[in-house]
file final.txt (compact mmCIF, C-alpha atoms and all ligand atoms)
# COMPACT_ATOMS: atom_id res chain seq x y z
CA MET B 28 37.83 -3.25 -92.90
CA LYS B 29 37.76 -6.52 -91.03
CA HIS B 30 41.52 -6.43 -90.88
CA TRP B 31 41.41 -2.86 -89.45
CA ILE B 32 38.95 -3.89 -86.68
CA TYR B 33 41.01 -6.97 -85.87
CA LYS B 34 44.19 -4.93 -85.69
CA ASN B 35 42.62 -2.30 -83.41
CA ARG B 36 41.04 -4.92 -81.18
CA THR B 37 44.48 -6.46 -80.84
CA HIS B 38 45.90 -3.09 -79.84
CA VAL B 39 43.15 -2.56 -77.27
CA PHE B 40 43.73 -6.07 -75.90
CA LEU B 41 47.49 -5.54 -75.65
CA ALA B 42 47.01 -2.14 -74.00
CA THR B 43 44.64 -3.73 -71.46
CA VAL B 44 47.17 -6.47 -70.68
CA ILE B 45 49.95 -3.91 -70.24
CA ILE B 46 47.78 -1.78 -67.90
CA ILE B 47 46.80 -4.83 -65.80
CA VAL B 48 50.43 -6.00 -65.58
CA THR B 49 51.52 -2.49 -64.59
CA ILE B 50 48.88 -2.12 -61.86
CA ALA B 51 48.92 -5.63 -60.39
CA PRO B 52 51.94 -6.57 -58.24
CA LEU B 53 54.00 -9.26 -59.96
CA TYR B 54 53.48 -12.20 -57.67
CA ALA B 55 55.00 -15.62 -58.20
CA LYS B 56 52.96 -18.77 -58.60
CA ILE B 57 53.92 -21.33 -55.96
CA SER B 58 52.95 -24.96 -56.60
CA ALA B 59 53.86 -28.55 -55.61
CA TYR B 60 54.81 -27.18 -52.16
CA MET B 61 56.02 -29.82 -49.70
CA PRO B 62 58.39 -30.47 -46.80
CA TYR B 63 61.83 -31.64 -47.95
CA TYR B 64 64.78 -31.94 -45.59
CA ALA B 65 68.35 -31.84 -46.80
CA LEU B 66 71.74 -30.43 -45.95
CA TYR B 67 72.99 -28.13 -48.68
CA THR B 68 76.70 -27.31 -48.77
CA GLU B 69 78.10 -24.58 -50.94
CA SER B 70 81.84 -24.06 -51.21
CA SER B 71 83.67 -20.85 -52.06
CA PRO B 72 86.77 -20.52 -54.28
CA ASP B 73 88.86 -19.81 -51.12
CA GLY B 74 88.12 -23.31 -49.82
CA THR B 75 85.58 -22.31 -47.17
CA TYR B 76 82.06 -23.68 -47.27
CA THR B 77 78.64 -22.71 -45.97
CA ARG B 78 75.97 -25.13 -44.77
CA TYR B 79 72.28 -24.54 -45.24
CA ILE B 80 69.30 -26.61 -44.20
CA ILE B 81 66.67 -27.10 -46.90
CA LEU B 82 63.16 -27.34 -45.41
CA ARG B 83 60.78 -27.21 -48.40
CA GLN B 84 60.75 -27.84 -52.10
CA PHE B 85 58.31 -26.29 -54.57
CA LYS B 86 57.85 -24.79 -57.98
CA HIS B 87 58.41 -21.04 -58.14
CA ASN B 88 56.57 -20.28 -61.37
CA ALA B 89 58.18 -22.96 -63.58
CA THR B 90 61.46 -23.22 -61.65
CA HIS B 91 62.25 -25.94 -59.10
CA ALA B 92 63.10 -24.13 -55.85
CA PHE B 93 63.88 -24.74 -52.19
CA LEU B 94 63.24 -22.81 -48.99
CA TYR B 95 66.34 -22.88 -46.81
CA VAL B 96 67.67 -21.58 -43.50
CA ASN B 97 71.26 -20.74 -42.74
CA PRO B 98 71.47 -22.48 -39.33
CA THR B 99 74.19 -20.10 -38.11
CA THR B 100 72.57 -16.76 -38.95
CA LEU B 101 68.90 -17.97 -39.08
CA HIS B 102 68.57 -16.17 -42.40
CA THR B 103 65.96 -17.83 -44.65
CA GLY B 104 65.82 -17.65 -48.43
CA ILE B 105 64.86 -19.27 -51.71
CA LEU B 106 67.38 -21.41 -53.55
CA LYS B 107 66.69 -21.78 -57.26
CA HIS B 108 69.83 -23.00 -58.98
CA PRO B 109 71.91 -24.96 -56.47
CA GLN B 110 75.63 -24.96 -57.23
CA GLY B 111 76.64 -27.09 -54.24
CA THR B 112 75.71 -30.54 -52.96
CA ILE B 113 72.31 -31.51 -51.58
CA VAL B 114 72.15 -34.48 -49.19
CA LYS B 115 68.62 -35.52 -48.27
CA ASP B 116 68.13 -36.77 -44.69
CA SER B 117 65.66 -36.70 -41.80
CA LEU B 118 65.21 -33.36 -40.03
CA GLU B 119 66.39 -35.01 -36.80
CA ASN B 120 69.67 -36.18 -38.36
CA ILE B 121 70.27 -32.82 -40.00
CA ILE B 122 69.75 -30.95 -36.73
CA GLY B 123 72.11 -33.45 -35.08
CA GLN B 124 74.77 -32.67 -37.68
CA CYS B 125 74.31 -28.93 -37.09
CA ALA B 126 74.23 -29.25 -33.27
CA ASP B 127 76.71 -26.41 -32.79
CA THR B 128 74.59 -23.88 -34.69
CA GLN B 129 72.19 -21.26 -33.39
CA TYR B 130 69.24 -22.89 -35.14
CA ALA B 131 69.88 -26.31 -33.56
CA LYS B 132 70.32 -24.74 -30.11
CA LEU B 133 67.09 -22.76 -30.35
CA TYR B 134 65.31 -25.83 -31.75
CA GLN B 135 66.47 -28.02 -28.85
CA LYS B 136 65.45 -25.35 -26.35
CA ALA B 137 62.01 -25.00 -27.94
CA LEU B 138 61.52 -28.79 -27.80
CA GLN B 139 61.57 -28.49 -23.99
CA LYS B 140 58.75 -25.89 -24.04
CA SER B 141 55.96 -27.93 -25.63
CA LYS B 142 53.70 -28.78 -22.71
CA ARG B 143 51.89 -25.55 -21.79
CA MET B 144 48.56 -24.88 -23.47
CA PHE B 145 49.07 -21.11 -23.24
CA ASN B 146 52.30 -19.48 -24.37
CA ALA B 147 54.36 -22.56 -25.15
CA GLY B 148 57.58 -21.96 -27.10
CA LEU B 149 60.37 -19.44 -26.68
CA THR B 150 59.15 -16.47 -24.66
CA HIS B 151 62.35 -14.60 -23.82
CA PHE B 152 65.85 -14.10 -25.24
CA ASP B 153 69.03 -13.49 -23.27
CA ILE B 154 69.77 -10.24 -25.10
CA ASN B 155 70.32 -6.63 -24.12
CA GLY B 156 67.21 -5.44 -25.95
CA THR B 157 63.64 -6.43 -26.74
CA ILE B 158 61.87 -8.23 -29.56
CA ILE B 159 58.71 -6.38 -30.63
CA SER B 160 56.10 -8.52 -32.35
CA PHE B 161 53.01 -7.36 -34.26
CA ASP B 162 50.35 -10.04 -34.73
CA LEU B 163 48.21 -9.68 -37.83
CA CYS B 164 45.40 -12.09 -37.02
CA PRO B 165 42.39 -12.02 -39.40
CA SER B 166 40.45 -8.78 -38.89
CA LYS B 167 37.64 -6.84 -40.51
CA ARG B 168 39.44 -3.62 -39.58
CA ALA B 169 42.18 -1.89 -41.51
CA ILE B 170 45.72 -1.99 -40.19
CA ASP B 171 46.36 0.47 -37.36
CA SER B 172 48.50 2.74 -39.54
CA GLU B 173 48.24 5.64 -37.06
CA PHE B 174 49.88 3.50 -34.37
CA ILE B 175 52.60 2.23 -36.72
CA GLU B 176 53.42 5.76 -37.91
CA GLN B 177 53.70 7.00 -34.31
CA PHE B 178 55.75 3.94 -33.39
CA ILE B 179 58.24 4.75 -36.17
CA ALA B 180 58.25 8.50 -35.35
CA LEU B 181 59.14 7.76 -31.70
CA GLN B 182 62.28 5.89 -32.71
CA SER B 183 65.22 7.93 -31.45
CA ASN B 184 67.45 7.26 -34.46
CA ASN B 185 66.80 7.15 -38.18
CA LEU B 186 67.49 3.43 -38.49
CA PRO B 187 64.71 1.04 -39.55
CA VAL B 188 62.92 -0.23 -36.43
CA PRO B 189 63.23 -4.02 -36.06
CA VAL B 190 59.81 -5.69 -35.69
CA VAL B 191 58.49 -9.21 -36.03
CA VAL B 192 55.29 -9.33 -38.07
CA CYS B 193 53.38 -12.55 -37.39
CA ILE B 194 51.02 -12.79 -40.31
CA SER B 195 48.01 -15.00 -41.08
CA GLY B 196 46.97 -15.99 -44.60
CA LYS B 197 43.41 -14.75 -44.10
CA TRP B 198 44.73 -11.29 -43.16
CA ILE B 199 46.98 -11.25 -46.23
CA GLN B 200 44.09 -12.21 -48.51
CA THR B 201 41.73 -9.56 -47.12
CA HIS B 202 44.20 -6.66 -46.71
CA PRO B 203 46.12 -6.31 -50.00
CA GLU B 204 46.58 -2.55 -49.69
CA ASP B 205 47.60 -2.70 -46.02
CA LEU B 206 50.16 -5.38 -46.90
CA GLN B 207 51.57 -3.24 -49.69
CA TRP B 208 51.81 -0.29 -47.29
CA LEU B 209 53.60 -2.42 -44.68
CA LYS B 210 56.02 -3.72 -47.29
CA SER B 211 56.66 -0.16 -48.48
CA LEU B 212 57.71 0.75 -44.91
CA ALA B 213 60.30 -2.02 -45.08
CA TYR B 214 61.36 -1.00 -48.59
CA ASN B 215 61.76 2.63 -47.47
CA ARG B 216 63.82 1.53 -44.46
CA LYS B 217 61.32 2.67 -41.82
CA LEU B 218 60.82 -0.87 -40.48
CA ASP B 219 63.14 -3.88 -40.46
CA ILE B 220 60.58 -6.69 -40.68
CA THR B 221 61.05 -10.37 -39.84
CA TRP B 222 57.99 -12.16 -41.26
CA VAL B 223 56.68 -15.02 -39.12
CA ASN B 224 54.02 -17.60 -39.97
CA HIS B 225 50.90 -17.05 -37.81
CA SER B 226 48.84 -19.89 -39.45
CA PHE B 227 46.60 -19.75 -42.49
CA THR B 228 43.02 -19.56 -41.14
CA HIS B 229 43.84 -18.54 -37.54
CA PHE B 230 40.45 -19.87 -36.45
CA TYR B 231 38.86 -18.24 -33.40
CA SER B 232 35.35 -18.39 -31.93
CA ARG B 233 34.11 -16.40 -28.95
CA LYS B 234 31.79 -19.28 -28.08
CA LEU B 235 34.22 -22.19 -27.85
CA PRO B 236 36.32 -23.11 -24.81
CA VAL B 237 40.07 -22.64 -25.26
CA LYS B 238 40.70 -26.39 -25.43
CA ASN B 239 38.62 -26.53 -28.65
CA ASN B 240 39.56 -23.10 -29.98
CA PHE B 241 42.24 -21.58 -32.23
CA ILE B 242 44.43 -24.35 -33.70
CA LEU B 243 42.93 -26.82 -31.18
CA LYS B 244 39.57 -26.68 -33.00
CA GLU B 245 38.40 -30.17 -33.88
CA GLY B 246 39.25 -31.14 -37.45
CA THR B 247 42.02 -28.55 -37.92
CA SER B 248 44.62 -29.58 -40.48
CA VAL B 249 47.89 -28.49 -38.90
CA SER B 250 49.80 -29.15 -42.12
CA ARG B 251 47.45 -26.81 -44.03
CA GLU B 252 47.70 -24.12 -41.33
CA VAL B 253 51.48 -24.22 -41.57
CA LEU B 254 52.22 -24.97 -45.23
CA GLN B 255 49.35 -23.11 -46.90
CA ASN B 256 50.34 -19.99 -45.01
CA GLU B 257 53.92 -20.36 -46.20
CA VAL B 258 52.59 -20.63 -49.78
CA VAL B 259 50.47 -17.47 -49.37
CA MET B 260 53.46 -15.64 -47.85
CA LEU B 261 55.78 -16.70 -50.69
CA GLU B 262 53.17 -15.81 -53.31
CA HIS B 263 53.21 -12.30 -51.84
CA ASN B 264 57.02 -12.12 -51.98
CA ILE B 265 57.37 -12.65 -48.24
CA ILE B 266 59.99 -15.16 -47.11
CA PRO B 267 58.93 -16.83 -43.88
CA ALA B 268 61.41 -16.88 -41.01
CA ILE B 269 62.18 -20.06 -39.10
CA PHE B 270 59.68 -19.25 -36.34
CA PHE B 271 55.96 -19.98 -35.93
CA ARG B 272 53.48 -18.17 -33.73
CA PHE B 273 50.43 -20.11 -32.60
CA PRO B 274 47.10 -18.26 -32.93
CA GLY B 275 46.13 -16.95 -29.48
CA LEU B 276 49.43 -18.45 -28.25
CA ILE B 277 47.41 -21.64 -27.77
CA SER B 278 48.66 -25.14 -28.59
CA ASN B 279 48.93 -28.65 -27.18
CA GLN B 280 51.95 -30.93 -27.05
CA LYS B 281 50.91 -33.03 -30.07
CA ILE B 282 50.31 -30.04 -32.35
CA TYR B 283 53.37 -28.23 -31.02
CA GLU B 284 55.57 -31.21 -31.88
CA LYS B 285 53.95 -31.52 -35.29
CA VAL B 286 54.78 -27.87 -36.04
CA MET B 287 58.36 -28.44 -34.87
CA GLY B 288 58.43 -31.49 -37.16
CA TYR B 289 58.27 -28.99 -40.03
CA GLY B 290 61.51 -27.48 -38.75
CA LEU B 291 59.83 -24.45 -37.16
CA ILE B 292 60.49 -22.91 -33.74
CA PRO B 293 57.37 -21.80 -31.82
CA LEU B 294 57.56 -18.22 -30.61
CA GLY B 295 55.61 -17.21 -27.52
CA ALA B 296 55.70 -13.84 -25.73
CA ASP B 297 56.43 -12.89 -22.12
CA ALA B 298 55.04 -9.36 -22.57
CA TRP B 299 51.57 -9.39 -24.17
CA LEU B 300 51.00 -5.77 -23.22
CA ALA B 301 47.18 -5.73 -23.39
CA LYS B 302 47.12 -8.62 -20.90
CA GLY B 303 48.96 -6.47 -18.35
CA LYS B 304 52.44 -7.93 -18.84
CA LYS B 305 55.38 -5.56 -18.46
CA PRO B 306 58.37 -5.75 -20.79
CA VAL B 307 61.83 -6.33 -19.33
CA THR B 308 65.26 -6.76 -20.90
CA GLY B 309 65.09 -9.69 -23.33
CA SER B 310 61.29 -9.67 -23.53
CA ILE B 311 59.29 -10.75 -26.53
CA ILE B 312 56.61 -8.04 -26.64
CA LEU B 313 53.24 -8.74 -28.28
CA VAL B 314 50.77 -6.16 -29.62
CA HIS B 315 48.03 -6.32 -32.28
CA PRO B 316 48.14 -3.56 -34.90
CA ASN B 317 45.31 -5.31 -36.79
CA GLY B 318 42.87 -2.79 -35.27
CA ASN B 319 41.48 -5.20 -32.67
CA GLU B 320 43.50 -4.40 -29.57
CA LYS B 321 44.21 -0.68 -29.21
CA LYS B 322 45.02 -1.10 -25.53
CA GLY B 323 48.29 -2.90 -26.31
CA THR B 324 49.43 -0.54 -29.05
CA LYS B 325 48.75 2.48 -26.79
CA LEU B 326 50.79 0.88 -24.02
CA LEU B 327 53.68 0.27 -26.40
CA LEU B 328 53.69 3.94 -27.47
CA GLY B 329 53.58 4.89 -23.78
CA HIS B 330 56.69 2.77 -23.08
CA GLN B 331 58.47 4.40 -26.03
CA GLN B 332 57.54 7.90 -24.83
CA ALA B 333 58.61 7.15 -21.26
CA GLY B 334 61.90 5.64 -22.45
CA THR B 335 61.15 2.39 -20.60
CA LEU B 336 61.69 0.19 -23.62
CA LYS B 337 65.04 -1.48 -24.24
CA ASN B 338 66.26 -1.06 -27.80
CA PRO B 339 64.37 -3.26 -30.29
CA VAL B 340 66.41 -6.10 -31.76
CA SER B 341 65.79 -7.92 -35.02
CA LEU B 342 64.65 -11.52 -34.58
CA SER B 343 66.34 -12.47 -37.83
CA MET B 344 69.62 -11.22 -36.36
CA ILE B 345 69.24 -13.21 -33.16
CA GLY B 346 71.71 -15.75 -34.53
CA SER B 347 74.49 -13.25 -34.98
CA ILE B 348 74.08 -10.74 -32.15
CA LYS B 349 76.27 -10.87 -29.09
CA GLN B 350 74.60 -11.78 -25.86
CA TYR B 351 74.63 -9.72 -22.73
CA SER B 352 75.09 -11.22 -19.31
CA ALA B 353 73.71 -9.02 -16.53
CA ASN B 354 75.68 -10.89 -13.84
CA THR B 355 79.17 -10.52 -15.22
CA THR B 356 78.71 -7.60 -17.63
CA GLN B 357 80.58 -9.90 -19.99
CA VAL B 358 79.58 -10.11 -23.61
CA LYS B 359 79.27 -13.73 -24.70
CA GLN B 360 77.99 -15.68 -27.67
CA HIS B 361 74.32 -16.56 -27.67
CA SER B 362 73.62 -19.81 -25.82
CA LEU B 363 69.86 -20.23 -25.63
ZN ZN B 401 46.73 -13.98 -33.74
call {"tool": "encode", "arguments": {"input": "final.txt", "output": "structure tokens"}}
result
Amino acid sequence: MKHWIYKNRTHVFLATVIIIVTIAPLYAKISAYMPYYALYTESSPDGTYTRYIILRQFKHNATHAFLYVNPTTLHTGILKHPQGTIVKDSLENIIGQCADTQYAKLYQKALQKSKRMFNAGLTHFDINGTIISFDLCPSKRAIDSEFIEQFIALQSNNLPVPVVVCISGKWIQTHPEDLQWLKSLAYNRKLDITWVNHSFTHFYSRKLPVKNNFILKEGTSVSREVLQNEVVMLEHNIIPAIFFRFPGLISNQKIYEKVMGYGLIPLGADAWLAKGKKPVTGSIILVHPNGNEKKGTKLLLGHQQAGTLKNPVSLSMIGSIKQYSANTTQVKQHSL
């Protein structure tokens, strides 16, 4: 009898485990996460080789892994079983060695844009299109799914619409179903999402002056805001791009340079629609589909309906797309 009960309890236990595993998304455990800078070179049988820049090392479940960027294409990924050579160096030296790449050029350009408190960083690209960014700052509201569905429906072709989703850890942790829905839109080829780090806590207080607000709040750990958010993103199977968006687009030179010291390129916006800015060719458009700024999302739909929006371009493709020069109508390689 005892044996029968034990056996059945075991069955119930196993069934429960199977149900939980089936329902819960299979997320990786990320640990021992830290900056690590190295040049990784992988050669092909035909004698060609590809260079990657390693930016982080960590444990992905039990496996030693690295986060890398391909400095030519700006594609980021996880490297688990390196087959090539890894040469550790300072970030500065590595960028110097890759000076001819898109990543190094954008990095050098961003270094010159550190001083402004509002909207420092890259705000515009010399491209024949626009970059559309969705900021998911922490919010008590659900994602504005109505807006996103209309936004997709207004696309004139059936291709996935390129968008940049700047995501904060606190939003991820409080919107699991919304995140799954957003990821399903990417999986079903409705959206082509580039995921950008928008800080972990994304602190904001209505009462504090700007100089002590957002990431400028006294006592803020910039390393935690950057790295903890990367961990949360990776734990949710999101690979962060090489860009970083400051909460509220607010920063100071010291914090800006610290963020760049992690190898990241700050991304501003020259067309925050709810603030009355108009998008032009090459604009980085900013709206908030986190339910907190309907004015901007309505304006974006209005631009789509009126046909006044240049075709959206993927930020993760910015390294490989051809650039358009309005003066000469000549197509040239990107030189930001
Ligand atoms: Zn935000």
call {"tool": "atom_distance", "arguments": {"input": "final.txt", "atom1": "atom CA of B:Pro62", "atom2": "atom CA of B:Ser160"}}
result
26.4 Å
call {"tool": "closest_atom_pairs", "arguments": {"input": "final.txt", "of": "stretch 115-167 of chain B", "to": "stretch 188-205 of chain B", "cutoff": "10 Å", "atoms": "all atoms listed in the file", "output": "Markdown table"}}
result
| residue | atom | partner | partner_atom | distance |
| --- | --- | --- | --- | --- |
| B:Thr157 | CA | B:Pro189 | CA | 9.6 |
| B:Ile158 | CA | B:Val190 | CA | 6.9 |
| B:Ile159 | CA | B:Val190 | CA | 5.2 |
| B:Ser160 | CA | B:Val191 | CA | 4.4 |
| B:Phe161 | CA | B:Val192 | CA | 4.9 |
| B:Asp162 | CA | B:Cys193 | CA | 4.7 |
| B:Leu163 | CA | B:Ile194 | CA | 4.9 |
| B:Cys164 | CA | B:Ser195 | CA | 5.6 |
| B:Pro165 | CA | B:Trp198 | CA | 4.5 |
| B:Ser166 | CA | B:Trp198 | CA | 6.5 |
| B:Lys167 | CA | B:Thr201 | CA | 8.2 |
call {"tool": "write_last_selection", "arguments": {"input": "final.txt", "atoms": "C-alpha atoms", "output": "PDB file, in the frame of the given file"}}
result
ATOM      1  CA  THR B 157      63.640  -6.430 -26.740  1.00  0.00           C
ATOM      2  CA  ILE B 158      61.870  -8.230 -29.560  1.00  0.00           C
ATOM      3  CA  ILE B 159      58.710  -6.380 -30.630  1.00  0.00           C
ATOM      4  CA  SER B 160      56.100  -8.520 -32.350  1.00  0.00           C
ATOM      5  CA  PHE B 161      53.010  -7.360 -34.260  1.00  0.00           C
ATOM      6  CA  ASP B 162      50.350 -10.040 -34.730  1.00  0.00           C
ATOM      7  CA  LEU B 163      48.210  -9.680 -37.830  1.00  0.00           C
ATOM      8  CA  CYS B 164      45.400 -12.090 -37.020  1.00  0.00           C
ATOM      9  CA  PRO B 165      42.390 -12.020 -39.400  1.00  0.00           C
ATOM     10  CA  SER B 166      40.450  -8.780 -38.890  1.00  0.00           C
ATOM     11  CA  LYS B 167      37.640  -6.840 -40.510  1.00  0.00           C
TER      12      LYS B 167
END
call {"tool": "closest_atom_pairs", "arguments": {"input": "final.txt", "of": "stretch 64-166 of chain B", "to": "stretch 281-291 of chain B", "cutoff": "8 Å", "atoms": "all atoms listed in the file", "output": "tab-separated table"}}
result
residue	atom	partner	partner_atom	distance
B:Leu82	CA	B:Gly290	CA	6.9
B:Leu118	CA	B:Gly290	CA	7.1
B:Tyr134	CA	B:Leu291	CA	7.8
B:Leu138	CA	B:Glu284	CA	7.6
B:Ser141	CA	B:Tyr283	CA	6.0
call {"tool": "atom_distance", "arguments": {"input": "final.txt", "atom1": "atom CA of B:Leu133", "atom2": "atom CA of B:Glu119"}}
result
13.9 Å
call {"tool": "atom_distance", "arguments": {"input": "final.txt", "atom1": "atom CA of B:Met344", "atom2": "atom CA of B:Asn146"}}
result
22.6 Å
call {"tool": "residues_around", "arguments": {"input": "final.txt", "residues": "B:Lys142", "least_positions_apart": "3", "cutoff": "7 Å", "atoms": "only C-alpha atoms", "output": "JSON, numbers by chain"}}
result
{"B": [147, 279, 280]}
call {"tool": "closest_residue", "arguments": {"input": "final.txt", "among": "B:His263, B:Arg251, B:His225, B:Lys305", "to": "ligand ZN 401 (chain B)", "atoms": "all atoms listed in the file"}}
result
B:His225
call {"tool": "closest_residue", "arguments": {"input": "final.txt", "among": "B:His315, B:Ile80, B:Ala213, B:Leu336", "to": "B:Asp116", "atoms": "all atoms listed in the file"}}
result
B:Ile80
call {"tool": "closest_atom_pairs", "arguments": {"input": "final.txt", "of": "stretch 286-310 of chain B", "to": "stretch 337-343 of chain B", "cutoff": "12 Å", "atoms": "all atoms listed in the file", "output": "Markdown table"}}
result
| residue | atom | partner | partner_atom | distance |
| --- | --- | --- | --- | --- |
| B:Leu294 | CA | B:Leu342 | CA | 10.5 |
| B:Lys305 | CA | B:Lys337 | CA | 12.0 |
| B:Pro306 | CA | B:Lys337 | CA | 8.6 |
| B:Val307 | CA | B:Lys337 | CA | 7.6 |
| B:Thr308 | CA | B:Lys337 | CA | 6.3 |
| B:Gly309 | CA | B:Lys337 | CA | 8.3 |
| B:Ser310 | CA | B:Lys337 | CA | 9.0 |
call {"tool": "closest_residue", "arguments": {"input": "final.txt", "among": "B:Thr228, B:Thr324, B:Gln255, B:Asn155", "to": "ligand ZN 401 (chain B)", "atoms": "all atoms listed in the file"}}
result
B:Thr228
call {"tool": "closest_residue", "arguments": {"input": "final.txt", "among": "B:Asn120, B:Thr99, B:Thr112, B:Asn319", "to": "ligand ZN 401 (chain B)", "atoms": "only C-alpha atoms and all ligand atoms"}}
result
B:Asn319
call {"tool": "decode", "arguments": {"input": "final.txt", "residues": "stretch 310-334 of chain B", "atoms": "N, CA and C atoms", "output": "JSON list (two decimals), in the first residue's frame"}}
result
[["chain", "number", "residue", "atom", "x", "y", "z"],
["B", 310, "SER", "N", 15.61, 60.51, -39.88],
["B", 310, "SER", "CA", 15.24, 60.75, -38.47],
["B", 310, "SER", "C", 15.24, 59.48, -37.64],
["B", 311, "ILE", "N", 15.55, 59.67, -36.36],
["B", 311, "ILE", "CA", 15.27, 58.63, -35.37],
["B", 311, "ILE", "C", 14.00, 59.09, -34.65],
["B", 312, "ILE", "N", 12.91, 58.38, -34.92],
["B", 312, "ILE", "CA", 11.59, 58.74, -34.36],
["B", 312, "ILE", "C", 11.42, 58.06, -33.01],
["B", 313, "LEU", "N", 10.81, 58.77, -32.07],
["B", 313, "LEU", "CA", 10.58, 58.19, -30.74],
["B", 313, "LEU", "C", 9.10, 58.29, -30.35],
["B", 314, "VAL", "N", 8.51, 57.14, -30.04],
["B", 314, "VAL", "CA", 7.15, 57.10, -29.46],
["B", 314, "VAL", "C", 7.16, 56.12, -28.29],
["B", 315, "HIS", "N", 6.10, 56.19, -27.47],
["B", 315, "HIS", "CA", 6.00, 55.33, -26.28],
["B", 315, "HIS", "C", 4.76, 54.44, -26.36],
["B", 316, "PRO", "N", 4.90, 53.21, -26.82],
["B", 316, "PRO", "CA", 3.73, 52.31, -26.82],
["B", 316, "PRO", "C", 3.54, 51.61, -25.47],
["B", 317, "ASN", "N", 4.07, 52.20, -24.38],
["B", 317, "ASN", "CA", 3.90, 51.58, -23.06],
["B", 317, "ASN", "C", 2.60, 52.07, -22.40],
["B", 318, "GLY", "N", 1.75, 52.74, -23.19],
["B", 318, "GLY", "CA", 0.45, 53.20, -22.70],
["B", 318, "GLY", "C", 0.48, 54.58, -22.07],
["B", 319, "ASN", "N", 1.67, 55.20, -21.99],
["B", 319, "ASN", "CA", 1.78, 56.47, -21.26],
["B", 319, "ASN", "C", 1.83, 57.72, -22.13],
["B", 320, "GLU", "N", 1.86, 57.55, -23.44],
["B", 320, "GLU", "CA", 2.00, 58.74, -24.29],
["B", 320, "GLU", "C", 1.28, 58.52, -25.62],
["B", 321, "LYS", "N", -0.05, 58.52, -25.53],
["B", 321, "LYS", "CA", -0.88, 58.22, -26.71],
["B", 321, "LYS", "C", -0.72, 59.27, -27.80],
["B", 322, "LYS", "N", -0.35, 60.49, -27.38],
["B", 322, "LYS", "CA", -0.22, 61.57, -28.36],
["B", 322, "LYS", "C", 0.80, 61.19, -29.45],
["B", 323, "GLY", "N", 1.93, 60.65, -29.03],
["B", 323, "GLY", "CA", 2.99, 60.29, -29.98],
["B", 323, "GLY", "C", 2.59, 59.15, -30.89],
["B", 324, "THR", "N", 1.96, 58.13, -30.31],
["B", 324, "THR", "CA", 1.59, 56.97, -31.14],
["B", 324, "THR", "C", 0.52, 57.37, -32.16],
["B", 325, "LYS", "N", -0.41, 58.25, -31.75],
["B", 325, "LYS", "CA", -1.44, 58.74, -32.70],
["B", 325, "LYS", "C", -0.79, 59.51, -33.84],
["B", 326, "LEU", "N", 0.20, 60.34, -33.49],
["B", 326, "LEU", "CA", 0.89, 61.13, -34.52],
["B", 326, "LEU", "C", 1.62, 60.22, -35.51],
["B", 327, "LEU", "N", 2.21, 59.14, -34.99],
["B", 327, "LEU", "CA", 2.93, 58.22, -35.88],
["B", 327, "LEU", "C", 1.95, 57.56, -36.86],
["B", 328, "LEU", "N", 0.79, 57.13, -36.36],
["B", 328, "LEU", "CA", -0.22, 56.54, -37.25],
["B", 328, "LEU", "C", -0.67, 57.57, -38.29],
["B", 329, "GLY", "N", -0.80, 58.81, -37.85],
["B", 329, "GLY", "CA", -1.20, 59.90, -38.76],
["B", 329, "GLY", "C", -0.19, 60.06, -39.89],
["B", 330, "HIS", "N", 1.10, 60.02, -39.55],
["B", 330, "HIS", "CA", 2.16, 60.12, -40.57],
["B", 330, "HIS", "C", 2.09, 58.95, -41.54],
["B", 331, "GLN", "N", 1.82, 57.75, -40.99],
["B", 331, "GLN", "CA", 1.72, 56.57, -41.87],
["B", 331, "GLN", "C", 0.54, 56.73, -42.83],
["B", 332, "GLN", "N", -0.61, 57.17, -42.28],
["B", 332, "GLN", "CA", -1.82, 57.31, -43.11],
["B", 332, "GLN", "C", -1.64, 58.37, -44.19],
["B", 333, "ALA", "N", -0.92, 59.45, -43.82],
["B", 333, "ALA", "CA", -0.73, 60.55, -44.78],
["B", 333, "ALA", "C", 0.39, 60.26, -45.76],
["B", 334, "GLY", "N", 1.11, 59.18, -45.54],
["B", 334, "GLY", "CA", 2.24, 58.84, -46.42],
["B", 334, "GLY", "C", 3.42, 59.77, -46.25]]
